[in-house]
Amino acid sequence: MRDVLRHHLFWPVAALVALLVANTVARPGFLAITVRDGHLFGAPIDILRTTAPLLLVALGMTLVIATRGIDLSVGAVVAVSGAVALSQLAAAPDPAAPGTVLRAIGLALVLCLVLGVWNGFLVSVLGIQPIIATLILMTAGRGVAMLITGGMITTVTSAPFKVLGSGFWLGLPAAAVLAFGVFAAVAYVVRRTALGMLLEATGINPAASRLSGVRSRTLTWTVYAASGLFAGLAGLLISADTMAADANNAGLFIELDAILAVVIGGTALSGGKFNLSGTLVGALVIATLERTVTVLGISPLVTPLFMALVVIAVTLLQSPRMRERFTAVRRRTGTGAQRPAARPDSTEVTAG
Amino acid sequence: MTTSAPARRTAARIPVRLDRRYLPVLGTFVVLALMLVVGGTRYDNFLTPAVVSNLFINNAHLVVLAVGMTFVILTGGIDLSVGAVLALSTVVTAALLQAGWPVPVVLPLAVGVGTVIGLAHGVMIHLFQVQPFVATLAGMFFARGLCFLIAPESIAIGDPAFVELASWVQIAGQWRMTSSVLIAAIVLGVAFLALHFTRFGRTVYAIGGGEQSALLMGLPVARTTVLAYVVSGTCAGLGGLLFAMYSRSGYSLTGVAMELDAIAAVVIGGTLLTGGTGFVLGSVLGVLVLGLIQTVITFEGTLSSWWTRIVIGVLLLVFVLLQRVLSLRRT
Amino acid sequence: MTQQTPPPVVELTGVTVEFPPVKALDGVDLHLRPGEIHALMGENGAGKSTLIKALTGVHTPTEGTVVVDGVERRFSGPADARAHGVSTVYQEVNLCENLTVAENIMLGAEPRVLGGLHWRAMRRQAATHLRRMGLDIDPASSLGSHSLAVQQLVAICRATVGDCKVLILDEPTSSLDTDEVEHLFTVMRSLRDDGVAILFVSHFLDQVYEVSDRMTVLRNGRLVGEYVTADLPAAELVQHMIGRSMDVLEAAEEVAERTERPAGATPLLQVLGLGRKGSIQPFDLDLYEGEVVGLAGLLGSGRTELARLLTGADRADTGQARVAGRPTRLRNPRTAMGHGIAYTSEDRKGEGVVDGLTVRENIVLALQAERGWMRPLPRRQVDEIVARYIEQLGIRPADPEALLRNLSGGNQQKVLLARWLATAPRLLVLDEPTRGIDVGAKAEIQKLVADLAAGGMSVVFISAELEEVLRLSHRIAVLRDRRKVAEIDGEGASTAQVVDLIAGGGAA
Amino acid sequence: GTATGGGGQSGGADDGVITLGFSQVGAESGWRAANTKSIQDTLTAENGFDLKFSDAQQKQENQIQAIRSYITQGVDVIAFSPVVETGWDAVLEEAKAAGIPVILTDRAVDSEDESLYESFIGSDFVKEGQMAGEWVVDQYDGEGYKVVELQGTTGAAPAIDRKEGFEAAIEGSDLEIIDSQTGNFTRAEGKTVMEGFLNKHDDIDLVYAHNDDMGLGAIEAIEAAGMTPGEDIKIVTVDAVKDGMQALVDGKINYIVECNPLLGPDLAEIAKKVVAGEEVEKRIVVEDQAFDQEAAKEALPTREY
Ligand SMILES: Nc1ncnc2c1ncn2[C@@H]1O[C@H](COP(=O)(O)OP(=O)(O)OP(=O)(O)O)[C@@H](O)[C@H]1O
Ligand SMILES: Nc1ncnc2c1ncn2[C@@H]1O[C@H](COP(=O)(O)OP(=O)(O)OP(=O)(O)O)[C@@H](O)[C@H]1O
Ligand SMILES: [Mg+2]
Ligand SMILES: [Mg+2]
């Protein structure tokens, strides 16, 4: 029990559950999932789909934050990605041809990767502070996106591309399958190889890492590139969602949401130890929160207040101070059975 | 014995010519001057007193925000709420004046709103060890929410006393200022003195250098951290007041993303986001750089919306690169 | 002095500190009397630093009382303790590198004019304090520009500012040279004679015997006893500390004697005219397999700089390097590692430990970095390596999953050593590897160095302790004023001869 | 090229070219882009204009700054679409003092002193909402329709006015607005909010969206929920941009009230008159049409934006 309470995912998961409960109370059928044409429908499925782009962006953000950085440009990259893909499609004679779609997707992703590489170059080679380095692209990137779309909202009809937004794979929304798949793959790579540890070392003590032979610069560069790429992918999902490239509003403030997701998930912005499962929960919490606002019918006037309260509650509850207090209470009220359990290992360690 | 002999020699070898800590600020200054010169040769009417005083008038509120932000960033923190708090302060000012409250009561209240929010941030960050980014992000949502609650629509300020306060001060010929510039200058002066001539200020730097160290040195870390956020909140409140004077209105959607401008100004001014190094004067130079970029854009006059953004980004990049080159050259 | 014992200014009884599940202190007593220098002794991880932190309010004891000046107190932190006359220099230098030396010394007791800081007076007073400590540095310079040793001395300066009744020094001498230590002892003695109670931690037994009046010994977080220094023979002290008899130690020391110097053909690493502007003058050095080369010099003589050039930590701007006869550029630590060159920095906190990672991760960091991220070490191999070094170096707690920041200073140092040993380098450059290491472990490390050399490794050994250098090295390079001034054979060298060279008496 | 305007002498019209400083709100929507394009395409050198254009990126301070800059540059006419309604008195007084006439486009300012500007060209947002409401009442009154509303950006004038107009028009009918949330005028948010509405209510009959983009987002959400927009759930929007019109033609939207962004020609005409010293009307309401599916089919091929 104590371990559950102290687990780093306890409060984020509790927040998620609380939100779902609130929704279910307001709308008893909220959690119901129906099957139609072999596809799953329902609010939880919608939430998975809306989480998808945020999850991708937050994934890149987590890696960047692990190296003590931050990437403010993701929103702009999302816009660029959508703009490139859709204007490619729009210019093509047959927007629905698979080759065209693949080329549009490929082009968008490559460009976003280049943007990420650019950020990484500024940060790791030129040594510009991450927040400023990425602020440059944050400002200019939307300009580039608008340049590509000519300032208009580019709309196309392309069934294969639309699958990314509202299609289904394996009965689940394609966007969710894609995002969760990428997330799982990256999480697997990061945790199964030494990448995670080396990133953390770089984030915690860059000087020591360099002396230990860690290629800190390359790693830093890589995570920014990855962040760009994932943001590009998110941009595709977002633009496919409405089949429109809105250079101004696509991914607006998504960087804040992503950072928030990372933080709610328990990764400190000061770099080092990071926690991808936490980021996953954090992204779900934010997507559910947005849905909750509508379902509970919270007035637009107080929506920000509501968000503030939830954020404050979650972060206060999982703050180290509160955790201490909880453990203190536990210990005081703890049954006799717990104390002796703790004792043997303590003596073991000191004697060892 | 001979112990200190090598030391003495090294101390002489690394001479006092120019403290390396001033380099980024100097870099900013040089590039700023460069921009003015280039602008002056490129556009007519660019280097006129009116343009220069407009630069200050248009950015007085941002100067105040950046000054407050400098305190927070020096401690290694960040304050994302300043844009929203600024908006809240304008809304409070406008709403209270509309309700007929007298100016002498309204002004301190508007600033006080910022102070209280800053205090809340400080408490969350210090007592509960919530990360500054999150605490102040929550503060940002909170302040915006309050804005909407008080007045979703913009409110004009017609109070004659307030309008009087917000009006021009002719200095000489085309040189004119508003009282906001004066207030911003005073804030800057006070901040400079506080940072460099009080224990509070030096503790701010010490915390940025290492919170643990500052704690073990026996410095009042708790009080200082909280106070830094109070300063930032108060500056945001005051900035809101200046903005209300500038626009003679209160509007709940003003200052969206203005925190980024403030942070950018501070960082361009040579302050490290990791805390502990930087100068408040640099932050003001940073604000002027951003303002000047905006001025250049208007003078250019032919940029479409997207080119505006791209040009801002490019200027920012050129700026950061130049500053970097200038400060690297001597290391 | 032992005649009339004044009542203690500080009295700890039954102090217990827990970091669940570890009990770092278990019912420890301590009596500190005015006008005495009291040594706190114990192995790495015995709980010395924890005791000090419990006293000054950094940690809150779960049990026990702290009485200062007859009043029971629970300090809220160092500031509070200081306000009640208890000044502390903690183990890792805890000052702000971004501030000036003067600020670091005077902040908290700064002189003022018109309610603001009086900078000029501050610098003047700081300079006075610095002089008393035998330091002649510019108070207006930033602290970060100074070496660790200087920072250590500045920290001590800070502690003696204002009126302090109790001065606590946690391993103040670990990064100091003999001269500085002497200076420090003079200052300590004069403070003692003014009636200040001084609590002092050191792993150097000779220093403890030289300066302390009484001592308290801890082992595994428990009190072993309180002794009058003069009455306790060193052998017995060691036995109290490590809980074993001296024999083990002596056996270790015997092996630690220098091994035979091998007759190498091509040097493993040969550098010619390697230098870096503003850091160290060009120097030549040959390093052979199976040989220990010691670097001797005063503080700031350039030993660290030399080591950094050898290992690619800094890039040389003149000269060339040959690895096994082949010209090479040591561009960065990674390329150096590729040639089997490893470097442990003297700056444990800044350039050594990755304190947010675990013991396991810290130990395998360099090895893993060398392999690249894509080829993770198999978990079984990791566990095996980690277990081996924890055992061999006696790292405590012996828990691979403990966060490094929760280890005692000495144990962190051991983890660093393990990190480099795990890469099985051909040339190992050790910059102050025994700093902050207890007597037992120090002997182990010396033995280890000798064994490694005997096994064919080339070792560069830097230590502030000249005896250690002399005992281990086959050859000794002497540095003065950032210039290599001599290279002598380790076998015949006497302390006097080396000291003479260091001080500039001998021929260059 | 470099700035002209001739050092403070505001008689730039002597050479026959009118220097006009225009401060645009930003480029926040397709409507705005069309608006900008119309202005840039009309106020050209061929038409006798020297246009100085600046984008305020939705920030009032940038706009004030731009207007001040135009004053110091000495342009002949200043025109702008205010970001907010309030807070213009000071800078407009300056323009007045400098003898530079000001023309407002698209959005009004909330100023007591009407002499501060020459003319305001733009649509009547309340009327737009009203037209939408009237059509809805006309079509569906008596069927007890449940309406959800996708509002514009909280606090923005078009959002407030379109809401007000619509509510006024449906008053007295049996239509009922059961939910109302902001979709920030964007497609993506329109879609998310609509998804939420669909999760929450089973009985939505009609969506009233404050602009086409949110309506288009709602279409996506409705389709994703397996329903047919325009039939199962009716959709009424404001703006009539091309995409919206297309959807109307396709039967996914039922009715669109136009909000004309092509203010360039009107602005050019008024600017010329003002510089020539002629009297102009204080308020020029741009005529907005409304389209049902039939009308849209006719209008679509010639639609410019
Ligand atoms: N914050 C902490 N969390 C968990 N364990 C801790 C913490 N601080 C210290 N310890 C443990 O307490 C024990 C005592 O550590 P302490 O630092 O007091 O040793 P020390 O005697 O000062 O050793 P050294 O000579 O190496 O400095 C060690 O086992 C250490 O791992
Ligand atoms: N006593 C001193 N006074 C002032 N500065 C000193 C003193 N000792 C060292 N320094 C500074 O320390 C810096 C680093 O010296 P360095 O580390 O090369 O010396 P070292 O021979 O390795 O000595 P150690 O490792 O024992 O500190 C030099 O830049 C020097 O300015
Ligand atoms: Mg210790
Ligand atoms: Mg050294």
# chains A, B, ... in the order shown; residues from 1 in each chain; ligands from 1
>>> interface_residues(of="chain B", to="chain D", cutoff="6 Å", atoms="only C-alpha atoms", output="PyMOL selection string")
chain B and resi 43+152-153+156+247-249+298+301-302+305
>>> write_last_selection(atoms="all heavy atoms", output="compact mmCIF listing (two decimals), in the first residue's frame")
# COMPACT_ATOMS: atom_id res chain seq x y z
N TYR B 43 16.65 53.32 -43.58
CA TYR B 43 15.35 53.99 -43.64
C TYR B 43 15.50 55.46 -43.27
O TYR B 43 16.28 55.81 -42.39
CB TYR B 43 14.37 53.35 -42.65
CG TYR B 43 14.34 51.86 -42.72
CD1 TYR B 43 14.90 51.09 -41.71
CD2 TYR B 43 13.74 51.20 -43.80
CE1 TYR B 43 14.87 49.71 -41.76
CE2 TYR B 43 13.71 49.83 -43.86
CZ TYR B 43 14.27 49.08 -42.84
OH TYR B 43 14.25 47.72 -42.90
N PRO B 152 -14.88 39.37 -19.73
CA PRO B 152 -14.41 38.75 -20.97
C PRO B 152 -14.20 39.78 -22.08
O PRO B 152 -13.39 39.58 -22.96
CB PRO B 152 -15.54 37.78 -21.33
CG PRO B 152 -16.71 38.19 -20.53
CD PRO B 152 -16.23 38.96 -19.37
N GLU B 153 -14.94 40.88 -22.00
CA GLU B 153 -14.79 41.88 -23.05
C GLU B 153 -13.83 42.97 -22.60
O GLU B 153 -13.60 43.14 -21.41
CB GLU B 153 -16.15 42.53 -23.35
CG GLU B 153 -17.15 41.55 -23.90
CD GLU B 153 -18.56 42.10 -23.79
OE1 GLU B 153 -18.77 43.22 -24.25
OE2 GLU B 153 -19.41 41.40 -23.23
N ALA B 156 -12.88 49.98 -21.71
CA ALA B 156 -12.13 51.22 -21.92
C ALA B 156 -11.98 51.96 -20.59
O ALA B 156 -12.82 51.83 -19.70
CB ALA B 156 -12.86 52.10 -22.91
N SER B 247 -2.56 51.59 -23.15
CA SER B 247 -3.67 51.30 -24.04
C SER B 247 -4.98 51.88 -23.52
O SER B 247 -6.00 51.75 -24.18
CB SER B 247 -3.82 49.79 -24.23
OG SER B 247 -4.23 49.20 -23.02
N ARG B 248 -4.94 52.47 -22.34
CA ARG B 248 -6.14 53.03 -21.71
C ARG B 248 -7.32 52.06 -21.76
O ARG B 248 -8.45 52.43 -22.07
CB ARG B 248 -6.53 54.34 -22.39
CG ARG B 248 -5.57 55.45 -22.05
CD ARG B 248 -6.23 56.77 -22.32
NE ARG B 248 -5.29 57.74 -22.82
CZ ARG B 248 -5.64 58.81 -23.50
NH1 ARG B 248 -6.90 59.03 -23.78
NH2 ARG B 248 -4.74 59.65 -23.89
N SER B 249 -7.01 50.83 -21.52
CA SER B 249 -8.09 49.84 -21.47
C SER B 249 -7.61 48.60 -20.72
O SER B 249 -6.44 48.45 -20.44
CB SER B 249 -8.51 49.45 -22.89
OG SER B 249 -7.48 48.71 -23.50
N THR B 298 8.13 47.43 -39.02
CA THR B 298 7.16 48.43 -39.47
C THR B 298 7.78 49.36 -40.50
O THR B 298 7.11 49.76 -41.45
CB THR B 298 6.63 49.31 -38.32
OG1 THR B 298 7.30 48.95 -37.13
CG2 THR B 298 5.16 49.20 -38.18
N GLY B 301 7.79 47.79 -43.96
CA GLY B 301 6.50 48.19 -44.52
C GLY B 301 5.95 47.35 -45.65
O GLY B 301 4.84 47.56 -46.09
N THR B 302 6.72 46.40 -46.16
CA THR B 302 6.20 45.64 -47.28
C THR B 302 6.11 44.16 -46.96
O THR B 302 5.81 43.35 -47.83
CB THR B 302 7.11 45.79 -48.50
OG1 THR B 302 8.44 45.50 -48.08
CG2 THR B 302 7.05 47.19 -49.04
N SER B 305 2.45 38.91 -43.71
CA SER B 305 2.39 38.36 -42.36
C SER B 305 3.47 37.32 -42.12
O SER B 305 4.12 37.30 -41.09
CB SER B 305 1.04 37.73 -42.13
OG SER B 305 0.05 38.71 -42.26
>>> interface_residues(of="chain C", to="chain A", cutoff="9 Å", atoms="only C-alpha atoms", output="ChimeraX atom specification")
/C:20-24,220-221,312-313,332-337,342-345,348-357,361-362,365-370,372-377,396-399,419-420
>>> residues_near_ligand(ligand="ligand 3", cutoff="7 Å", atoms="only C-alpha atoms and all ligand atoms", output="PDB file with N, CA, C and O atoms, in the first residue's frame")
ATOM      1  N   ASN C  44      34.966   5.587   5.628  1.00  0.00           N
ATOM      2  CA  ASN C  44      34.025   6.181   4.685  1.00  0.00           C
ATOM      3  C   ASN C  44      32.640   5.618   4.950  1.00  0.00           C
ATOM      4  O   ASN C  44      32.470   4.412   5.037  1.00  0.00           O
ATOM      5  N   GLY C  45      31.699   6.512   5.083  1.00  0.00           N
ATOM      6  CA  GLY C  45      30.340   6.068   5.295  1.00  0.00           C
ATOM      7  C   GLY C  45      30.023   5.728   6.736  1.00  0.00           C
ATOM      8  O   GLY C  45      28.955   5.202   7.035  1.00  0.00           O
ATOM      9  N   GLY C  47      29.424   7.797   9.012  1.00  0.00           N
ATOM     10  CA  GLY C  47      28.379   8.685   9.497  1.00  0.00           C
ATOM     11  C   GLY C  47      28.888  10.017  10.011  1.00  0.00           C
ATOM     12  O   GLY C  47      28.138  10.758  10.654  1.00  0.00           O
ATOM     13  N   LYS C  48      30.127  10.340   9.709  1.00  0.00           N
ATOM     14  CA  LYS C  48      30.695  11.594  10.207  1.00  0.00           C
ATOM     15  C   LYS C  48      29.952  12.801   9.653  1.00  0.00           C
ATOM     16  O   LYS C  48      29.515  13.676  10.406  1.00  0.00           O
ATOM     17  N   SER C  49      29.846  12.838   8.344  1.00  0.00           N
ATOM     18  CA  SER C  49      29.169  13.990   7.731  1.00  0.00           C
ATOM     19  C   SER C  49      27.713  14.057   8.180  1.00  0.00           C
ATOM     20  O   SER C  49      27.172  15.139   8.402  1.00  0.00           O
ATOM     21  N   GLN C  91      31.540  18.924   3.787  1.00  0.00           N
ATOM     22  CA  GLN C  91      32.560  18.124   3.110  1.00  0.00           C
ATOM     23  C   GLN C  91      32.833  18.559   1.676  1.00  0.00           C
ATOM     24  O   GLN C  91      33.959  18.889   1.334  1.00  0.00           O
ATOM     25  N   ASP C 170      34.584  19.655   7.962  1.00  0.00           N
ATOM     26  CA  ASP C 170      34.443  18.292   7.475  1.00  0.00           C
ATOM     27  C   ASP C 170      35.453  18.062   6.354  1.00  0.00           C
ATOM     28  O   ASP C 170      35.294  18.583   5.253  1.00  0.00           O
ATOM     29  N   SER C 408      28.356   8.478   0.827  1.00  0.00           N
ATOM     30  CA  SER C 408      29.298   9.376   1.488  1.00  0.00           C
ATOM     31  C   SER C 408      30.385   9.732   0.491  1.00  0.00           C
ATOM     32  O   SER C 408      30.584   9.060  -0.524  1.00  0.00           O
ATOM     33  N   GLY C 409      31.091  10.827   0.790  1.00  0.00           N
ATOM     34  CA  GLY C 409      32.087  11.355  -0.147  1.00  0.00           C
ATOM     35  C   GLY C 409      33.106  10.312  -0.565  1.00  0.00           C
ATOM     36  O   GLY C 409      33.392  10.144  -1.758  1.00  0.00           O
ATOM     37  N   GLY C 410      33.644   9.611   0.388  1.00  0.00           N
ATOM     38  CA  GLY C 410      34.669   8.632   0.091  1.00  0.00           C
ATOM     39  C   GLY C 410      34.145   7.521  -0.800  1.00  0.00           C
ATOM     40  O   GLY C 410      34.827   7.064  -1.717  1.00  0.00           O
TER      41      GLY C 410
END
>>> select_by_dssp(residues="range 103-286 of chain C", states="alpha helix (DSSP H)", output="PDB file with C-alpha atoms, in the first residue's frame")
ATOM      1  CA  GLU C 103      30.963  37.687  -1.435  1.00  0.00           C
ATOM      2  CA  ASN C 104      31.475  34.049  -0.651  1.00  0.00           C
ATOM      3  CA  ILE C 105      33.341  34.998   2.461  1.00  0.00           C
ATOM      4  CA  MET C 106      31.286  37.914   3.656  1.00  0.00           C
ATOM      5  CA  TRP C 119      31.585  46.594  -1.586  1.00  0.00           C
ATOM      6  CA  ARG C 120      34.886  48.236  -0.853  1.00  0.00           C
ATOM      7  CA  ALA C 121      34.763  47.377   2.826  1.00  0.00           C
ATOM      8  CA  MET C 122      33.624  43.908   1.928  1.00  0.00           C
ATOM      9  CA  ARG C 123      36.631  43.332  -0.263  1.00  0.00           C
ATOM     10  CA  ARG C 124      38.931  44.823   2.304  1.00  0.00           C
ATOM     11  CA  GLN C 125      37.633  42.614   5.090  1.00  0.00           C
ATOM     12  CA  ALA C 126      37.645  39.572   2.851  1.00  0.00           C
ATOM     13  CA  ALA C 127      41.260  40.256   1.967  1.00  0.00           C
ATOM     14  CA  THR C 128      42.126  40.328   5.662  1.00  0.00           C
ATOM     15  CA  HIS C 129      40.485  36.982   6.226  1.00  0.00           C
ATOM     16  CA  LEU C 130      42.189  35.531   3.169  1.00  0.00           C
ATOM     17  CA  ARG C 131      45.573  36.715   4.354  1.00  0.00           C
ATOM     18  CA  ARG C 132      45.043  35.077   7.681  1.00  0.00           C
ATOM     19  CA  LEU C 148      39.325  23.385  -5.526  1.00  0.00           C
ATOM     20  CA  ALA C 149      42.005  23.869  -2.901  1.00  0.00           C
ATOM     21  CA  VAL C 150      41.601  27.599  -2.945  1.00  0.00           C
ATOM     22  CA  GLN C 151      37.866  27.197  -2.762  1.00  0.00           C
ATOM     23  CA  GLN C 152      38.314  24.972   0.244  1.00  0.00           C
ATOM     24  CA  LEU C 153      40.367  27.621   1.967  1.00  0.00           C
ATOM     25  CA  VAL C 154      37.829  30.287   1.074  1.00  0.00           C
ATOM     26  CA  ALA C 155      35.122  28.140   2.613  1.00  0.00           C
ATOM     27  CA  ILE C 156      37.118  27.955   5.808  1.00  0.00           C
ATOM     28  CA  CYS C 157      37.593  31.716   5.730  1.00  0.00           C
ATOM     29  CA  ARG C 158      33.857  32.080   5.494  1.00  0.00           C
ATOM     30  CA  ALA C 159      33.303  29.901   8.526  1.00  0.00           C
ATOM     31  CA  THR C 160      35.622  31.965  10.677  1.00  0.00           C
ATOM     32  CA  THR C 178      51.264  20.376   3.243  1.00  0.00           C
ATOM     33  CA  ASP C 179      51.918  24.095   3.382  1.00  0.00           C
ATOM     34  CA  GLU C 180      48.260  24.970   3.352  1.00  0.00           C
ATOM     35  CA  VAL C 181      47.578  22.350   5.947  1.00  0.00           C
ATOM     36  CA  GLU C 182      50.225  23.859   8.192  1.00  0.00           C
ATOM     37  CA  HIS C 183      48.691  27.236   7.716  1.00  0.00           C
ATOM     38  CA  LEU C 184      45.268  25.933   8.477  1.00  0.00           C
ATOM     39  CA  PHE C 185      46.510  24.277  11.645  1.00  0.00           C
ATOM     40  CA  THR C 186      48.073  27.488  12.823  1.00  0.00           C
ATOM     41  CA  VAL C 187      44.761  29.225  12.336  1.00  0.00           C
ATOM     42  CA  MET C 188      42.909  26.408  14.062  1.00  0.00           C
ATOM     43  CA  ARG C 189      45.234  26.490  17.017  1.00  0.00           C
ATOM     44  CA  SER C 190      44.889  30.194  17.429  1.00  0.00           C
ATOM     45  CA  LEU C 191      41.113  29.905  17.305  1.00  0.00           C
ATOM     46  CA  ARG C 192      41.252  27.145  19.872  1.00  0.00           C
ATOM     47  CA  ASP C 193      43.341  29.307  22.128  1.00  0.00           C
ATOM     48  CA  LEU C 205      46.050  10.104  10.860  1.00  0.00           C
ATOM     49  CA  ASP C 206      49.214  12.148  11.178  1.00  0.00           C
ATOM     50  CA  GLN C 207      47.222  15.340  10.848  1.00  0.00           C
ATOM     51  CA  VAL C 208      44.781  14.185  13.447  1.00  0.00           C
ATOM     52  CA  TYR C 209      47.569  13.364  15.843  1.00  0.00           C
ATOM     53  CA  GLU C 210      49.272  16.628  15.131  1.00  0.00           C
ATOM     54  CA  VAL C 211      46.380  18.901  15.810  1.00  0.00           C
ATOM     55  CA  ALA C 234      47.431   5.037  16.099  1.00  0.00           C
ATOM     56  CA  ALA C 235      47.226   1.302  15.701  1.00  0.00           C
ATOM     57  CA  GLU C 236      44.479   1.126  18.260  1.00  0.00           C
ATOM     58  CA  LEU C 237      42.626   4.009  16.616  1.00  0.00           C
ATOM     59  CA  VAL C 238      42.629   2.242  13.290  1.00  0.00           C
ATOM     60  CA  GLN C 239      41.380  -0.875  14.948  1.00  0.00           C
ATOM     61  CA  HIS C 240      38.529   1.082  16.485  1.00  0.00           C
ATOM     62  CA  MET C 241      37.697   2.605  13.152  1.00  0.00           C
ATOM     63  CA  ILE C 242      37.705  -0.417  10.924  1.00  0.00           C
ATOM     64  CA  MET C 246      46.007  -3.478  12.099  1.00  0.00           C
ATOM     65  CA  ASP C 247      47.524  -6.531  10.488  1.00  0.00           C
ATOM     66  CA  VAL C 248      45.201  -6.408   7.548  1.00  0.00           C
ATOM     67  CA  LEU C 249      46.309  -2.907   6.870  1.00  0.00           C
ATOM     68  CA  GLU C 250      49.948  -3.609   7.195  1.00  0.00           C
ATOM     69  CA  ALA C 251      49.631  -6.545   4.900  1.00  0.00           C
ATOM     70  CA  ALA C 252      48.044  -4.272   2.363  1.00  0.00           C
ATOM     71  CA  GLU C 253      50.696  -1.655   2.721  1.00  0.00           C
ATOM     72  CA  GLU C 254      53.416  -4.150   2.212  1.00  0.00           C
ATOM     73  CA  VAL C 255      52.072  -5.137  -1.147  1.00  0.00           C
TER      74      VAL C 255
END
>>> residues_near_ligand(ligand="ligand 4", cutoff="9 Å", atoms="only C-alpha atoms and all ligand atoms", output="PyMOL selection string")
chain C and resi 147-149+175+299-305+307+345-347+431-432+462-464
>>> write_last_selection(atoms="C-alpha atoms", output="PDB file, in the first residue's frame")
ATOM      1  CA  SER C 147      41.124  25.655  -7.911  1.00  0.00           C
ATOM      2  CA  LEU C 148      39.325  23.385  -5.526  1.00  0.00           C
ATOM      3  CA  ALA C 149      42.005  23.869  -2.901  1.00  0.00           C
ATOM      4  CA  SER C 175      42.490  18.906  -1.187  1.00  0.00           C
ATOM      5  CA  LEU C 299      49.061  23.544  -5.546  1.00  0.00           C
ATOM      6  CA  GLY C 300      48.480  25.200  -8.878  1.00  0.00           C
ATOM      7  CA  SER C 301      51.759  23.982 -10.294  1.00  0.00           C
ATOM      8  CA  GLY C 302      49.933  22.511 -13.250  1.00  0.00           C
ATOM      9  CA  ARG C 303      49.631  18.820 -12.428  1.00  0.00           C
ATOM     10  CA  THR C 304      45.980  18.728 -13.241  1.00  0.00           C
ATOM     11  CA  GLU C 305      46.498  20.664 -16.455  1.00  0.00           C
ATOM     12  CA  ALA C 307      46.931  15.304 -16.808  1.00  0.00           C
ATOM     13  CA  SER C 345      39.212  14.090 -12.456  1.00  0.00           C
ATOM     14  CA  GLU C 346      40.134  15.636  -9.144  1.00  0.00           C
ATOM     15  CA  ASP C 347      36.833  17.493  -9.195  1.00  0.00           C
ATOM     16  CA  ASP C 431      44.146  12.859 -10.263  1.00  0.00           C
ATOM     17  CA  GLU C 432      43.896  12.771  -6.487  1.00  0.00           C
ATOM     18  CA  ILE C 462      48.733  12.657  -8.777  1.00  0.00           C
ATOM     19  CA  SER C 463      48.355  13.233  -5.100  1.00  0.00           C
ATOM     20  CA  ALA C 464      48.756  16.049  -2.665  1.00  0.00           C
TER      21      ALA C 464
END
>>> residues_around(residues="Glu255 in chain A", least_positions_apart="2", cutoff="6 Å", atoms="only C-alpha atoms", output="count of residues only")
6
>>> atom_distance(atom1="CA of Pro28 in chain A", atom2="CA of Gly297 in chain A")
14.7 Å
>>> residues_around(residues="range 217-227 of chain D", least_positions_apart="5", cutoff="9 Å", atoms="only C-alpha atoms", output="list in words")
Arg36, Phe41, Gly42, Ser166, Gly167, Asp241, Thr242 and Met243 of chain A; Leu150, Thr186, Arg187, Ala188, Glu189, Gly190, Lys191, Thr192, Val193, Met194, Glu195, Leu198, Val207, Ala209, Asp212, Asp232, Ile233, Ile235, Lys252 and Ile253 of chain D
>>> interface_residues(of="chain B", to="chain A", cutoff="9 Å", atoms="only C-alpha atoms", output="MDAnalysis selection string")
chainID B and resid 124 127:131 133:135 137:149 152 260 263:264 267:268 272:274 305:317 320:321 324
>>> closest_atom_pairs(of="chain B", to="chain C", cutoff="6 Å", atoms="only C-alpha atoms", output="tab-separated table")
residue	atom	partner	partner_atom	distance
B:Pro6	CA	C:Asp481	CA	5.7
B:Phe197	CA	C:Leu117	CA	4.6
B:Thr198	CA	C:Gly116	CA	5.1
B:Ala206	CA	C:Cys96	CA	5.7
B:Gly209	CA	C:Cys96	CA	5.2
B:Ser213	CA	C:Asn94	CA	4.5
B:Leu216	CA	C:Pro78	CA	5.6
B:Gly218	CA	C:Ala79	CA	3.6
